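Here the structure comes first, spelled out in structure tokens, and everything after it is commentary.
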Amino acid sequence: MPYLASLRTLFSLAVILVNLTPSFLEGQEISRASTMKSLRFYASFDESGDATIAQGDTRIYTVESLARKEWTPGITRQDVTIAKDQGKFGGCLRFGKKSPQVICFKGEAMPYQSKDWSGTVGFWMRLDPDKDLEPGYCDPIQITEKAWNDASFFVDFDKDIPCDFRLGVFSDLKFWNPKNVDWEKWPVDKRPMVTVKKPGFTREAWKHVAFTFDGLNATDNQPTTATLYLDGKPMGTLQQPVKFTWDPQNVAIMLGIEYIGDLDELMIFDRALAPEEIAMLLLDPAAK
């Protein structure tokens, strides 16, 4: 229920505020209100896959492939379940094996702006990528209208073991790769990605993942700043001009592409949260 979900998030923010000094509290009340106002999307995966807070369609879908031609409401992949009481908080979304089918939300939940766009995406994951994933790339989340390399956000595990963990922020293909150079020939240090060596994912412990982006589609072509966080700590920042051309009605928030593991507490905000706000996302939403 949206009301209960809002309370859960408010409680989580309150935990930090209760433990701060009065002088600091006085300056943070506005921050708390601002953070809550910026929450655009929330899926707890406690009882179902559907979102409890969303701008637009709250339903979770299954599509037949990355082509996304057939959208079926609900989770129809046999290997994907709601694992009740197994999540970081409450239930979680559990992926059992690789599949051509993809779990999605409608992309209208993303706060797209054609000019000076900012936002934050956060969620929890639990797996051992070196042991649990099958060979190949794996995208726990990918958000795009087109393809992974064309106006797309994603976090992924690289195909080589030990698996690097990466944030990708890819402009329109014609903007970042106008000559359509083959990916394998593109210089690694020029790729629009943040890479984390030995990211520390395990089967035994949940790890929080978040990324922020600020100033995307800047009118003066100034660099976008995109930062990847793990367990509330910044792991790297990408700074370069980024251009996304989207029709939000055709965008998909895709979860668990080639993923085998657990995923929980997906949140999307309509601005780049500050580091201390990212830290708030690590708290139990039901904590009092």
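Residue names in the structure tokens use chain letters A, B, ... in the order shown, residue numbers from 1 in each chain, and ligand numbers from 1 in the order shown.
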
Contact residues around A:Asn149 with only C-alpha atoms at 7 Å, ignoring same-chain residues under 3 positions, as a ChimeraX atom specification: /A:152,170,173

Write the residues you've just listed into a file as an mmCIF file, in the first residue's frame, and include N, CA and C atoms for each of them.
data_model
loop_
_atom_site.group_PDB
_atom_site.id
_atom_site.type_symbol
_atom_site.label_atom_id
_atom_site.label_comp_id
_atom_site.auth_asym_id
_atom_site.auth_seq_id
_atom_site.Cartn_x
_atom_site.Cartn_y
_atom_site.Cartn_z
ATOM 1 N N SER A 152 21.362 4.626 -22.383
ATOM 2 C CA SER A 152 21.096 3.572 -21.407
ATOM 3 C C SER A 152 21.875 3.770 -20.119
ATOM 4 N N PHE A 170 25.496 5.395 -20.981
ATOM 5 C CA PHE A 170 25.761 5.498 -22.415
ATOM 6 C C PHE A 170 24.821 6.502 -23.071
ATOM 7 N N LEU A 173 23.633 6.512 -29.130
ATOM 8 C CA LEU A 173 24.741 5.850 -29.823
ATOM 9 C C LEU A 173 25.443 6.785 -30.801
#

Using only C-alpha atoms, which residues sit within 8 Å of A:Trp124 once same-chain residues fewer than 3 positions away are excluded, as an mmCIF file with C-alpha atoms, in the first residue's frame?
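What follows is the written file part_26.cif:
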data_model
loop_
_atom_site.group_PDB
_atom_site.id
_atom_site.type_symbol
_atom_site.label_atom_id
_atom_site.label_comp_id
_atom_site.auth_asym_id
_atom_site.auth_seq_id
_atom_site.Cartn_x
_atom_site.Cartn_y
_atom_site.Cartn_z
ATOM 1 C CA LYS A 88 17.161 -7.460 3.085
ATOM 2 C CA TRP A 206 23.321 -8.053 1.108
ATOM 3 C CA LYS A 207 25.104 -5.207 -0.655
ATOM 4 C CA HIS A 208 23.469 -1.895 -1.494
ATOM 5 C CA VAL A 209 23.976 -0.452 -4.968
ATOM 6 C CA LEU A 263 17.302 -8.216 -5.558
ATOM 7 C CA ASP A 264 15.398 -6.003 -3.108
ATOM 8 C CA GLU A 265 14.112 -2.495 -2.314
ATOM 9 C CA LEU A 266 14.259 -0.755 -5.710
#

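For stretch 165-167 of chain A, the set of protein, DNA and RNA residues having any atom at most 8 Å away, when counting only C-alpha atoms and skipping those fewer than 3 positions along the same chain, is Phe153, Phe154, Val155, Asp156, Phe157, Asp158, Met193, Val194, Thr195, Val196, Lys197, Lys198, Pro199, Phe211 and Leu228 of chain A.
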
Writing out the chosen residues with C-alpha atoms as a PDB file, in the first residue's frame:
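The resulting file, again_11.pdb, is reproduced below:
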ATOM      1  CA  PHE A 153      21.865   3.239 -17.712  1.00  0.00           C
ATOM      2  CA  PHE A 154      22.967  -0.124 -16.391  1.00  0.00           C
ATOM      3  CA  VAL A 155      25.007  -1.843 -13.747  1.00  0.00           C
ATOM      4  CA  ASP A 156      26.588  -5.111 -14.785  1.00  0.00           C
ATOM      5  CA  PHE A 157      29.037  -7.851 -13.940  1.00  0.00           C
ATOM      6  CA  ASP A 158      31.741  -8.316 -16.554  1.00  0.00           C
ATOM      7  CA  MET A 193      31.720   3.366 -17.364  1.00  0.00           C
ATOM      8  CA  VAL A 194      32.790   3.234 -13.726  1.00  0.00           C
ATOM      9  CA  THR A 195      34.525  -0.067 -12.914  1.00  0.00           C
ATOM     10  CA  VAL A 196      34.971  -1.627  -9.474  1.00  0.00           C
ATOM     11  CA  LYS A 197      37.488  -4.414  -9.029  1.00  0.00           C
ATOM     12  CA  LYS A 198      36.681  -6.975  -6.307  1.00  0.00           C
ATOM     13  CA  PRO A 199      33.312  -5.388  -5.405  1.00  0.00           C
ATOM     14  CA  PHE A 211      24.032   5.477  -8.738  1.00  0.00           C
ATOM     15  CA  LEU A 228      28.413   4.673  -8.363  1.00  0.00           C
TER      16      LEU A 228
END

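The set of residues in stretch 158-246 of chain A assigned to helix (DSSP H, G or I) by DSSP, using only backbone atoms of this structure, is Leu173, Lys174, Phe175, Trp176, Trp183, Glu184, Lys185, Val188, Asp189 and Lys190 of chain A.
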
Restricting the output to N, CA and C atoms, write the selected residues as a PDB file, in the first residue's frame.
ATOM      1  N   LEU A 173      23.633   6.512 -29.130  1.00  0.00           N
ATOM      2  CA  LEU A 173      24.741   5.850 -29.823  1.00  0.00           C
ATOM      3  C   LEU A 173      25.443   6.785 -30.801  1.00  0.00           C
ATOM      4  N   LYS A 174      24.692   7.554 -31.544  1.00  0.00           N
ATOM      5  CA  LYS A 174      25.295   8.447 -32.532  1.00  0.00           C
ATOM      6  C   LYS A 174      26.050   9.603 -31.883  1.00  0.00           C
ATOM      7  N   PHE A 175      25.768   9.861 -30.601  1.00  0.00           N
ATOM      8  CA  PHE A 175      26.448  10.934 -29.894  1.00  0.00           C
ATOM      9  C   PHE A 175      27.799  10.469 -29.371  1.00  0.00           C
ATOM     10  N   TRP A 176      27.849   9.291 -28.727  1.00  0.00           N
ATOM     11  CA  TRP A 176      29.105   8.856 -28.106  1.00  0.00           C
ATOM     12  C   TRP A 176      29.965   8.028 -29.057  1.00  0.00           C
ATOM     13  N   TRP A 183      32.697  -2.394 -30.220  1.00  0.00           N
ATOM     14  CA  TRP A 183      32.899  -2.251 -28.783  1.00  0.00           C
ATOM     15  C   TRP A 183      34.248  -2.793 -28.326  1.00  0.00           C
ATOM     16  N   GLU A 184      34.639  -3.926 -28.820  1.00  0.00           N
ATOM     17  CA  GLU A 184      35.892  -4.539 -28.399  1.00  0.00           C
ATOM     18  C   GLU A 184      37.110  -3.717 -28.819  1.00  0.00           C
ATOM     19  N   LYS A 185      36.946  -2.846 -29.791  1.00  0.00           N
ATOM     20  CA  LYS A 185      38.035  -1.999 -30.253  1.00  0.00           C
ATOM     21  C   LYS A 185      38.032  -0.630 -29.574  1.00  0.00           C
ATOM     22  N   VAL A 188      39.437   0.988 -23.490  1.00  0.00           N
ATOM     23  CA  VAL A 188      38.785   0.738 -22.209  1.00  0.00           C
ATOM     24  C   VAL A 188      38.673   2.009 -21.383  1.00  0.00           C
ATOM     25  N   ASP A 189      39.723   2.828 -21.394  1.00  0.00           N
ATOM     26  CA  ASP A 189      39.704   4.033 -20.575  1.00  0.00           C
ATOM     27  C   ASP A 189      38.803   5.125 -21.136  1.00  0.00           C
ATOM     28  N   LYS A 190      38.281   4.926 -22.341  1.00  0.00           N
ATOM     29  CA  LYS A 190      37.378   5.896 -22.955  1.00  0.00           C
ATOM     30  C   LYS A 190      35.915   5.455 -22.868  1.00  0.00           C
TER      31      LYS A 190
END

Residue with smallest distance to A:Ser171 - pool A:Asp231, A:Arg68, A:Trp186, A:Lys243, counting only C-alpha atoms: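 Once distances to A:Ser171 are computed over only C-alpha atoms, the minimum belongs to A:Lys243.
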
Who sits within 12 Å of A:Ala54, only C-alpha atoms, same chain under 4 positions skipped, as a list in words: Met1, Pro2, Ala5, Ser6, Ser38, Leu39, Arg40, Phe41, Tyr42, Ala43, Ser44, Asp50, Thr58, Arg59, Ile60, Phe105, Lys106, Gly107, Glu108, Ala109, Met110, Pro111, Leu266, Met267, Ile268, Phe269 and Asp270 of chain A

Spatial neighbours of stretch 213-216 of chain A, max dist 8 Å, only C-alpha atoms, sep filter under 2 positions, as a list in words: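 Answer for this query is Lys115, Asp116, Trp117, Ser118, Gly119, Thr120, Phe211, Ala218, Gln222, Pro223, Thr224, Thr225, Ala226, Thr227, Pro241, Val242, Lys243, Phe244, Arg271 and Ala272 of chain A.
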
Residue nearest A:Gln55 - candidates A:Pro248, A:Thr72, A:Thr202, A:Gly136, atoms counted: only C-alpha atoms: A:Pro248

Shortest interatomic distance to A:Ser65 - which of A:Ala279, A:Met254, A:Leu230, A:Leu238, counting only C-alpha atoms: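 Of A:Ala279, A:Met254, A:Leu230, A:Leu238, the one nearest A:Ser65, counting only C-alpha atoms, is A:Met254.
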
Between atom CA of A:Tyr259 and atom CA of A:Gly87 - distance in Å to one decimal: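 Calculated distance between atom CA of A:Gly87 and atom CA of A:Tyr259 is 16.3 Å.
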
Shell around A:Leu281 at 8 Å using only C-alpha atoms, local window under 2 positions removed, as a ChimeraX atom specification: /A:12,122,277-279,283

Given only C-alpha atoms as the counted atoms, nearest of A:Leu273, A:Val80, A:Cys92, A:Val102 to A:Ile260: A:Val80

Contact residues around A:Arg94 with only C-alpha atoms at 12 Å, ignoring same-chain residues under 6 positions, as a VMD selection string: chain A and resid 45 to 46 48 to 49 75 77 to 88 103 124 to 127 140 255 to 256 259 to 264

Write the selection just made, keeping N, CA and C atoms, as a compact mmCIF listing (two decimals), in the first residue's frame?
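In the end it all went to again01.txt:
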# COMPACT_ATOMS: atom_id res chain seq x y z
N PHE A 45 9.07 -5.50 -2.96
CA PHE A 45 9.06 -6.95 -3.24
C PHE A 45 8.72 -7.77 -1.99
N ASP A 46 7.95 -7.17 -1.08
CA ASP A 46 7.57 -7.88 0.14
C ASP A 46 6.49 -8.93 -0.11
N SER A 48 4.51 -8.83 -3.38
CA SER A 48 4.36 -9.03 -4.82
C SER A 48 5.46 -8.27 -5.53
N GLY A 49 5.47 -8.40 -6.86
CA GLY A 49 6.46 -7.69 -7.64
C GLY A 49 6.08 -6.26 -7.96
N ILE A 75 4.65 -11.64 -12.99
CA ILE A 75 5.88 -12.42 -13.14
C ILE A 75 5.49 -13.79 -13.70
N ARG A 77 7.87 -15.66 -15.59
CA ARG A 77 9.07 -16.50 -15.63
C ARG A 77 9.03 -17.49 -14.47
N GLN A 78 9.18 -18.76 -14.76
CA GLN A 78 9.05 -19.78 -13.74
C GLN A 78 10.16 -19.72 -12.70
N ASP A 79 11.32 -19.19 -13.09
CA ASP A 79 12.45 -19.17 -12.16
C ASP A 79 12.47 -17.93 -11.27
N VAL A 80 11.57 -16.96 -11.51
CA VAL A 80 11.57 -15.72 -10.74
C VAL A 80 10.42 -15.75 -9.74
N THR A 81 10.72 -15.54 -8.47
CA THR A 81 9.73 -15.63 -7.41
C THR A 81 9.89 -14.49 -6.41
N ILE A 82 8.84 -14.27 -5.64
CA ILE A 82 8.94 -13.41 -4.47
C ILE A 82 9.31 -14.31 -3.29
N ALA A 83 10.51 -14.12 -2.76
CA ALA A 83 10.98 -14.92 -1.63
C ALA A 83 10.61 -14.19 -0.34
N LYS A 84 9.47 -14.56 0.23
CA LYS A 84 8.96 -13.86 1.40
C LYS A 84 9.88 -14.05 2.61
N ASP A 85 10.11 -12.95 3.29
CA ASP A 85 10.95 -12.92 4.49
C ASP A 85 12.39 -13.32 4.23
N GLN A 86 12.81 -13.32 2.97
CA GLN A 86 14.19 -13.67 2.62
C GLN A 86 14.98 -12.46 2.14
N GLY A 87 14.34 -11.29 2.10
CA GLY A 87 14.99 -10.11 1.57
C GLY A 87 15.85 -9.40 2.59
N LYS A 88 16.45 -8.32 2.15
CA LYS A 88 17.16 -7.46 3.09
C LYS A 88 16.18 -6.93 4.11
N ILE A 103 12.22 -9.38 -16.74
CA ILE A 103 11.29 -8.75 -15.81
C ILE A 103 11.44 -7.23 -15.93
N TRP A 124 19.18 -3.30 -3.45
CA TRP A 124 20.06 -4.25 -2.78
C TRP A 124 20.22 -5.50 -3.63
N MET A 125 21.41 -6.14 -3.53
CA MET A 125 21.64 -7.41 -4.21
C MET A 125 22.37 -8.38 -3.29
N ARG A 126 22.11 -9.67 -3.52
CA ARG A 126 22.82 -10.72 -2.78
C ARG A 126 23.13 -11.87 -3.74
N LEU A 127 24.41 -12.13 -3.94
CA LEU A 127 24.89 -13.24 -4.77
C LEU A 127 26.41 -13.28 -4.70
N PRO A 140 22.07 -6.70 -13.67
CA PRO A 140 21.00 -6.72 -12.67
C PRO A 140 19.93 -5.67 -12.94
N LEU A 255 15.02 -5.73 -15.12
CA LEU A 255 15.68 -6.32 -13.95
C LEU A 255 16.13 -7.74 -14.25
N GLY A 256 17.32 -8.08 -13.77
CA GLY A 256 17.76 -9.47 -13.76
C GLY A 256 18.12 -10.05 -15.11
N TYR A 259 20.79 -12.66 -14.74
CA TYR A 259 21.12 -12.57 -13.32
C TYR A 259 20.64 -13.81 -12.58
N ILE A 260 21.43 -14.28 -11.63
CA ILE A 260 21.05 -15.37 -10.74
C ILE A 260 21.39 -14.93 -9.33
N GLY A 261 20.35 -14.61 -8.56
CA GLY A 261 20.57 -14.08 -7.23
C GLY A 261 19.33 -13.35 -6.75
N ASP A 262 19.47 -12.57 -5.68
CA ASP A 262 18.36 -11.85 -5.07
C ASP A 262 18.50 -10.34 -5.30
N LEU A 263 17.34 -9.67 -5.35
CA LEU A 263 17.30 -8.22 -5.56
C LEU A 263 16.17 -7.67 -4.70
N ASP A 264 16.40 -6.52 -4.06
CA ASP A 264 15.40 -6.00 -3.11
C ASP A 264 15.40 -4.48 -3.09

Distance of atom CA of A:Phe201 from atom CA of A:Asp130, expressed in Å to one decimal place: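 Between atom CA of A:Asp130 and atom CA of A:Phe201 the gap is 9.2 Å.
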
Those in stretch 75-143 of chain A with strand (DSSP E or B) from DSSP, as a list in words: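 After running DSSP on the backbone, stretch 75-143 of chain A has strand (DSSP E or B) at Val80, Thr81, Ile82, Ala83, Cys92, Leu93, Arg94, Phe95, Val102, Ile103, Cys104, Phe105, Lys106, Trp117, Ser118, Gly119, Thr120, Val121, Gly122, Phe123, Trp124, Met125, Arg126, Cys138, Asp139, Pro140, Ile141, Gln142 and Ile143 of chain A.
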
Let's have the selection written as a short mmCIF file (atom, residue, chain, number, x, y, z; two decimals), in the first residue's frame, with N, CA and C atoms.
data_model
loop_
_atom_site.label_atom_id
_atom_site.label_comp_id
_atom_site.auth_asym_id
_atom_site.auth_seq_id
_atom_site.Cartn_x
_atom_site.Cartn_y
_atom_site.Cartn_z
N VAL A 80 11.57 -16.96 -11.51
CA VAL A 80 11.57 -15.72 -10.74
C VAL A 80 10.42 -15.75 -9.74
N THR A 81 10.72 -15.54 -8.47
CA THR A 81 9.73 -15.63 -7.41
C THR A 81 9.89 -14.49 -6.41
N ILE A 82 8.84 -14.27 -5.64
CA ILE A 82 8.94 -13.41 -4.47
C ILE A 82 9.31 -14.31 -3.29
N ALA A 83 10.51 -14.12 -2.76
CA ALA A 83 10.98 -14.92 -1.63
C ALA A 83 10.61 -14.19 -0.34
N CYS A 92 11.90 -10.44 -1.13
CA CYS A 92 12.80 -9.98 -2.18
C CYS A 92 12.43 -10.65 -3.50
N LEU A 93 13.01 -10.16 -4.57
CA LEU A 93 12.84 -10.74 -5.90
C LEU A 93 14.00 -11.71 -6.13
N ARG A 94 13.66 -12.97 -6.42
CA ARG A 94 14.69 -14.02 -6.54
C ARG A 94 14.72 -14.55 -7.98
N PHE A 95 15.93 -14.54 -8.57
CA PHE A 95 16.14 -15.04 -9.93
C PHE A 95 16.90 -16.36 -9.85
N VAL A 102 12.52 -11.29 -19.70
CA VAL A 102 13.04 -10.22 -18.86
C VAL A 102 11.92 -9.66 -18.00
N ILE A 103 12.22 -9.38 -16.74
CA ILE A 103 11.29 -8.75 -15.81
C ILE A 103 11.44 -7.23 -15.93
N CYS A 104 10.31 -6.52 -16.04
CA CYS A 104 10.36 -5.09 -16.35
C CYS A 104 9.33 -4.29 -15.56
N PHE A 105 9.63 -3.01 -15.42
CA PHE A 105 8.65 -2.00 -15.09
C PHE A 105 8.60 -1.01 -16.25
N LYS A 106 7.49 -0.33 -16.39
CA LYS A 106 7.37 0.71 -17.40
C LYS A 106 8.31 1.87 -17.06
N TRP A 117 18.88 17.06 -16.66
CA TRP A 117 18.17 15.96 -15.98
C TRP A 117 19.07 15.34 -14.91
N SER A 118 18.49 15.05 -13.74
CA SER A 118 19.22 14.41 -12.66
C SER A 118 18.35 13.34 -12.00
N GLY A 119 18.98 12.39 -11.33
CA GLY A 119 18.22 11.34 -10.66
C GLY A 119 19.11 10.40 -9.89
N THR A 120 18.47 9.45 -9.20
CA THR A 120 19.15 8.43 -8.39
C THR A 120 18.39 7.12 -8.50
N VAL A 121 19.13 6.02 -8.59
CA VAL A 121 18.56 4.67 -8.56
C VAL A 121 19.29 3.88 -7.49
N GLY A 122 18.54 3.18 -6.64
CA GLY A 122 19.16 2.39 -5.58
C GLY A 122 18.43 1.08 -5.35
N PHE A 123 19.16 0.04 -4.93
CA PHE A 123 18.57 -1.26 -4.64
C PHE A 123 19.61 -2.13 -3.93
N TRP A 124 19.18 -3.30 -3.45
CA TRP A 124 20.06 -4.25 -2.78
C TRP A 124 20.22 -5.50 -3.63
N MET A 125 21.41 -6.14 -3.53
CA MET A 125 21.64 -7.41 -4.21
C MET A 125 22.37 -8.38 -3.29
N ARG A 126 22.11 -9.67 -3.52
CA ARG A 126 22.82 -10.72 -2.78
C ARG A 126 23.13 -11.87 -3.74
N CYS A 138 26.18 -9.89 -17.28
CA CYS A 138 24.95 -9.92 -16.48
C CYS A 138 24.60 -8.50 -16.08
N ASP A 139 23.38 -8.08 -16.37
CA ASP A 139 22.88 -6.76 -16.00
C ASP A 139 21.78 -6.89 -14.95
N PRO A 140 22.07 -6.70 -13.67
CA PRO A 140 21.00 -6.72 -12.67
C PRO A 140 19.93 -5.67 -12.94
N ILE A 141 20.33 -4.52 -13.52
CA ILE A 141 19.36 -3.52 -13.94
C ILE A 141 19.88 -2.85 -15.20
N GLN A 142 18.96 -2.61 -16.12
CA GLN A 142 19.26 -1.87 -17.34
C GLN A 142 18.03 -1.03 -17.68
N ILE A 143 18.25 0.26 -17.92
CA ILE A 143 17.14 1.18 -18.16
C ILE A 143 17.40 1.89 -19.49
#

Distance of atom CA of A:Glu276 from atom CA of A:Cys163, expressed in Å to one decimal place: 28.4 Å
